[in-house]
Amino acid sequence: MRVRRLSSLIFAWLFVLTAATTVTAQPDEDVLELNSSIIEVHTRPVVQFSHTVHLDDYAIECSQCHHVYQGGENVWQDDDPVKKCQECHNDPTTKNELRLPAKTLNLKWAFHRNCIGCHREYNKENNVEAAPVKCQNCHVE
Ligand code: HEC
Ligand code: HEC
Ligand code: HEC
Ligand code: HEC
């Protein structure tokens with residue numbers, strides 16, 4: 001019994017090690033909690049984001065959300081590593097951002113512009129209200 005347990009433990013470890021060293025850009029989890037650490041205090045409930053809904057059900061391309069800009073062009077490709085948005089959009093400021101130019105790379109603005117921007121367009125084009133644009137439909141209590 002002990003031996004078996006031990007060997008399955010070792011096996012589990014090997015599995016973890018292999019999984020961790022495999023370079024893959026595929027999302028690990030279906031649903032991510034968007035809880036960026038540079039926002040020290042979240043004033044709204046944390047947003048749950050599903051890759052599956054967006055990828056499988058709506059066939060949205062990775063590069064609609066993931067990017068690395070070079071000379072104004074998005075050169076990020078599907079197998080490239082993914083950085084958290086806050087690594088580049090590293091200013092959490094949540095005040096007065098409508099008055100700031102886009103280039104300040106403010107984090108809340110980046111998320112809202114990406115998420116709400118597409119949802120608005122999608123709803124308008126399809127004459128529906130399916131994609132959430134209201135605060136409480138993303139920041140769900
Ligand atoms: C509709 C927007 C959207 C699309 C489309 C999208 N992602 Fe993401 N992805 C995100 C967001 C948001 C995060 C979290 C970023 C953060 O925490 O700063 C994320 C995180 C990730 C991560 C890191 C976290 C994890 O789960 O491992 C990987 C890897 C990733 N995406 C890969 C992909 C790939 C590959 C595709 C296309 C097949 C894709 N994503 C399509 C929005 C998207
Ligand atoms: C490697 C750095 C980097 C990462 C990671 C990154 N961004 Fe950006 N982002 C930029 C740069 C640079 C620009 C371009 C700013 C400009 O030229 O105006 C930009 C522009 C944007 C824009 C405006 C242009 C557009 O594409 O609509 C949005 C919205 C945005 N980012 C959202 C996000 C979100 C959401 C994430 C995470 C899923 C993310 N960014 C991750 C660097 C990054
Ligand atoms: C390029 C377009 C696009 C982008 C970018 C995008 N979405 Fe969506 N999202 C959609 C569409 C399309 C739907 C589905 C509408 C429907 O149900 O018909 C959707 C649905 C949703 C839903 C409701 C379904 C569910 O998962 O419970 C949530 C929540 C959501 N999106 C959150 C986000 C967040 C958070 C972001 C930014 C990190 C984001 N979306 C970025 C297109 C987009
Ligand atoms: C389509 C989804 C979506 C909608 C709609 C939306 N947000 Fe957000 N919001 C986000 C995401 C994603 C973040 C980034 C959270 C993180 O990474 O920590 C965010 C961040 C924030 C933040 C900074 C973090 C915090 O909790 O203090 C505030 C404030 C905020 N949103 C307020 C609002 C308000 C007010 C509305 C309505 C006018 C709204 N949001 C609508 C997705 C959404």
# chains A, B, ... in the order shown; residues from 1 in each chain; ligands from 1
>>> residues_near_ligand(ligand="ligand 3", cutoff="10 Å", atoms="only C-alpha atoms and all ligand atoms", output="ChimeraX atom specification")
/A:31-34,46-55,57-66,85,110-123,126,128-133,136-140
>>> closest_residue(among="A:Thr43, A:Ser37, A:Gln77, A:Gln26", to="ligand 4", atoms="only C-alpha atoms and all ligand atoms")
A:Thr43
>>> atom_distance(atom1="CA of Asp80 in chain A", atom2="atom 28 (C, counted along the ligand's line) of ligand 1")
9.3 Å
>>> closest_residue(among="A:Val41, A:Val82, A:Cys88, A:Cys135", to="ligand 1", atoms="only C-alpha atoms and all ligand atoms")
A:Val82
>>> closest_residue(among="A:Pro92, A:Pro45, A:Gly71, A:Pro27", to="ligand 2", atoms="only C-alpha atoms and all ligand atoms")
A:Gly71
>>> atom_distance(atom1="atom 14 (C, counted along the ligand's line) of ligand 4", atom2="CA of Asn127 in chain A")
26.2 Å
>>> closest_residue(among="A:Glu87, A:Glu29, A:Asp79, A:Glu40", to="ligand 2", atoms="only C-alpha atoms and all ligand atoms")
A:Glu87
>>> atom_distance(atom1="atom 9 (N, counted along the ligand's line) of ligand 2", atom2="CA of Trp109 in chain A")
10.7 Å
>>> select_by_dssp(residues="range 34-74 of chain A", states="strand (DSSP E)", output="list in words")
Leu34, Val47, Gln48, Phe49, Ser50, Tyr69, Gln70, Glu73 and Asn74 of chain A
>>> select_by_dssp(residues="range 61-127 of chain A", states="alpha helix (DSSP H)", output="PyMOL selection string")
chain A and resi 85-88+107-126
>>> write_last_selection(atoms="N, CA and C atoms", output="PDB file, in the first residue's frame")
ATOM      1  N   CYS A  85      -1.966  41.338 -18.769  1.00  0.00           N
ATOM      2  CA  CYS A  85      -2.183  42.694 -19.266  1.00  0.00           C
ATOM      3  C   CYS A  85      -1.409  43.715 -18.416  1.00  0.00           C
ATOM      4  N   GLN A  86      -1.364  43.473 -17.104  1.00  0.00           N
ATOM      5  CA  GLN A  86      -0.747  44.456 -16.208  1.00  0.00           C
ATOM      6  C   GLN A  86       0.765  44.561 -16.370  1.00  0.00           C
ATOM      7  N   GLU A  87       1.382  43.616 -17.065  1.00  0.00           N
ATOM      8  CA  GLU A  87       2.823  43.734 -17.271  1.00  0.00           C
ATOM      9  C   GLU A  87       3.151  44.914 -18.175  1.00  0.00           C
ATOM     10  N   CYS A  88       2.252  45.243 -19.081  1.00  0.00           N
ATOM     11  CA  CYS A  88       2.483  46.401 -19.950  1.00  0.00           C
ATOM     12  C   CYS A  88       1.572  47.568 -19.566  1.00  0.00           C
ATOM     13  N   LEU A 107      -4.533  50.353 -16.905  1.00  0.00           N
ATOM     14  CA  LEU A 107      -5.024  48.970 -16.890  1.00  0.00           C
ATOM     15  C   LEU A 107      -6.541  48.836 -16.962  1.00  0.00           C
ATOM     16  N   LYS A 108      -7.234  49.621 -16.141  1.00  0.00           N
ATOM     17  CA  LYS A 108      -8.689  49.504 -16.151  1.00  0.00           C
ATOM     18  C   LYS A 108      -9.230  49.914 -17.520  1.00  0.00           C
ATOM     19  N   TRP A 109      -8.637  50.968 -18.055  1.00  0.00           N
ATOM     20  CA  TRP A 109      -9.045  51.425 -19.391  1.00  0.00           C
ATOM     21  C   TRP A 109      -8.793  50.325 -20.427  1.00  0.00           C
ATOM     22  N   ALA A 110      -7.629  49.676 -20.332  1.00  0.00           N
ATOM     23  CA  ALA A 110      -7.281  48.634 -21.306  1.00  0.00           C
ATOM     24  C   ALA A 110      -8.322  47.513 -21.282  1.00  0.00           C
ATOM     25  N   PHE A 111      -8.672  47.063 -20.090  1.00  0.00           N
ATOM     26  CA  PHE A 111      -9.677  45.999 -19.982  1.00  0.00           C
ATOM     27  C   PHE A 111     -11.025  46.480 -20.505  1.00  0.00           C
ATOM     28  N   HIS A 112     -11.455  47.641 -20.032  1.00  0.00           N
ATOM     29  CA  HIS A 112     -12.781  48.108 -20.437  1.00  0.00           C
ATOM     30  C   HIS A 112     -12.852  48.336 -21.942  1.00  0.00           C
ATOM     31  N   ARG A 113     -11.815  48.923 -22.472  1.00  0.00           N
ATOM     32  CA  ARG A 113     -11.816  49.203 -23.908  1.00  0.00           C
ATOM     33  C   ARG A 113     -11.865  47.905 -24.717  1.00  0.00           C
ATOM     34  N   ASN A 114     -11.086  46.912 -24.278  1.00  0.00           N
ATOM     35  CA  ASN A 114     -11.066  45.624 -24.983  1.00  0.00           C
ATOM     36  C   ASN A 114     -12.413  44.901 -24.814  1.00  0.00           C
ATOM     37  N   CYS A 115     -12.821  44.678 -23.581  1.00  0.00           N
ATOM     38  CA  CYS A 115     -14.016  43.864 -23.308  1.00  0.00           C
ATOM     39  C   CYS A 115     -15.286  44.592 -23.747  1.00  0.00           C
ATOM     40  N   ILE A 116     -15.509  45.775 -23.192  1.00  0.00           N
ATOM     41  CA  ILE A 116     -16.777  46.469 -23.455  1.00  0.00           C
ATOM     42  C   ILE A 116     -16.836  46.931 -24.912  1.00  0.00           C
ATOM     43  N   GLY A 117     -15.655  47.308 -25.439  1.00  0.00           N
ATOM     44  CA  GLY A 117     -15.596  47.756 -26.835  1.00  0.00           C
ATOM     45  C   GLY A 117     -16.150  46.699 -27.783  1.00  0.00           C
ATOM     46  N   CYS A 118     -15.680  45.478 -27.648  1.00  0.00           N
ATOM     47  CA  CYS A 118     -16.154  44.413 -28.526  1.00  0.00           C
ATOM     48  C   CYS A 118     -17.615  44.082 -28.243  1.00  0.00           C
ATOM     49  N   HIS A 119     -17.981  44.020 -26.973  1.00  0.00           N
ATOM     50  CA  HIS A 119     -19.370  43.682 -26.634  1.00  0.00           C
ATOM     51  C   HIS A 119     -20.361  44.682 -27.238  1.00  0.00           C
ATOM     52  N   ARG A 120     -20.016  45.961 -27.154  1.00  0.00           N
ATOM     53  CA  ARG A 120     -20.893  47.002 -27.728  1.00  0.00           C
ATOM     54  C   ARG A 120     -21.082  46.783 -29.219  1.00  0.00           C
ATOM     55  N   GLU A 121     -19.955  46.575 -29.878  1.00  0.00           N
ATOM     56  CA  GLU A 121     -19.988  46.403 -31.325  1.00  0.00           C
ATOM     57  C   GLU A 121     -20.798  45.172 -31.713  1.00  0.00           C
ATOM     58  N   TYR A 122     -20.542  44.091 -30.972  1.00  0.00           N
ATOM     59  CA  TYR A 122     -21.232  42.824 -31.248  1.00  0.00           C
ATOM     60  C   TYR A 122     -22.748  42.983 -31.088  1.00  0.00           C
ATOM     61  N   ASN A 123     -23.157  43.617 -29.985  1.00  0.00           N
ATOM     62  CA  ASN A 123     -24.583  43.800 -29.740  1.00  0.00           C
ATOM     63  C   ASN A 123     -25.226  44.658 -30.824  1.00  0.00           C
ATOM     64  N   LYS A 124     -24.501  45.689 -31.217  1.00  0.00           N
ATOM     65  CA  LYS A 124     -25.028  46.603 -32.220  1.00  0.00           C
ATOM     66  C   LYS A 124     -25.192  45.890 -33.572  1.00  0.00           C
ATOM     67  N   GLU A 125     -24.127  45.183 -33.962  1.00  0.00           N
ATOM     68  CA  GLU A 125     -24.163  44.493 -35.256  1.00  0.00           C
ATOM     69  C   GLU A 125     -25.241  43.425 -35.324  1.00  0.00           C
ATOM     70  N   ASN A 126     -25.471  42.741 -34.195  1.00  0.00           N
ATOM     71  CA  ASN A 126     -26.428  41.635 -34.200  1.00  0.00           C
ATOM     72  C   ASN A 126     -27.779  42.021 -33.630  1.00  0.00           C
TER      73      ASN A 126
END
>>> closest_residue(among="A:Glu141, A:Asp91, A:Glu73, A:Asp78", to="ligand 2", atoms="only C-alpha atoms and all ligand atoms")
A:Glu73
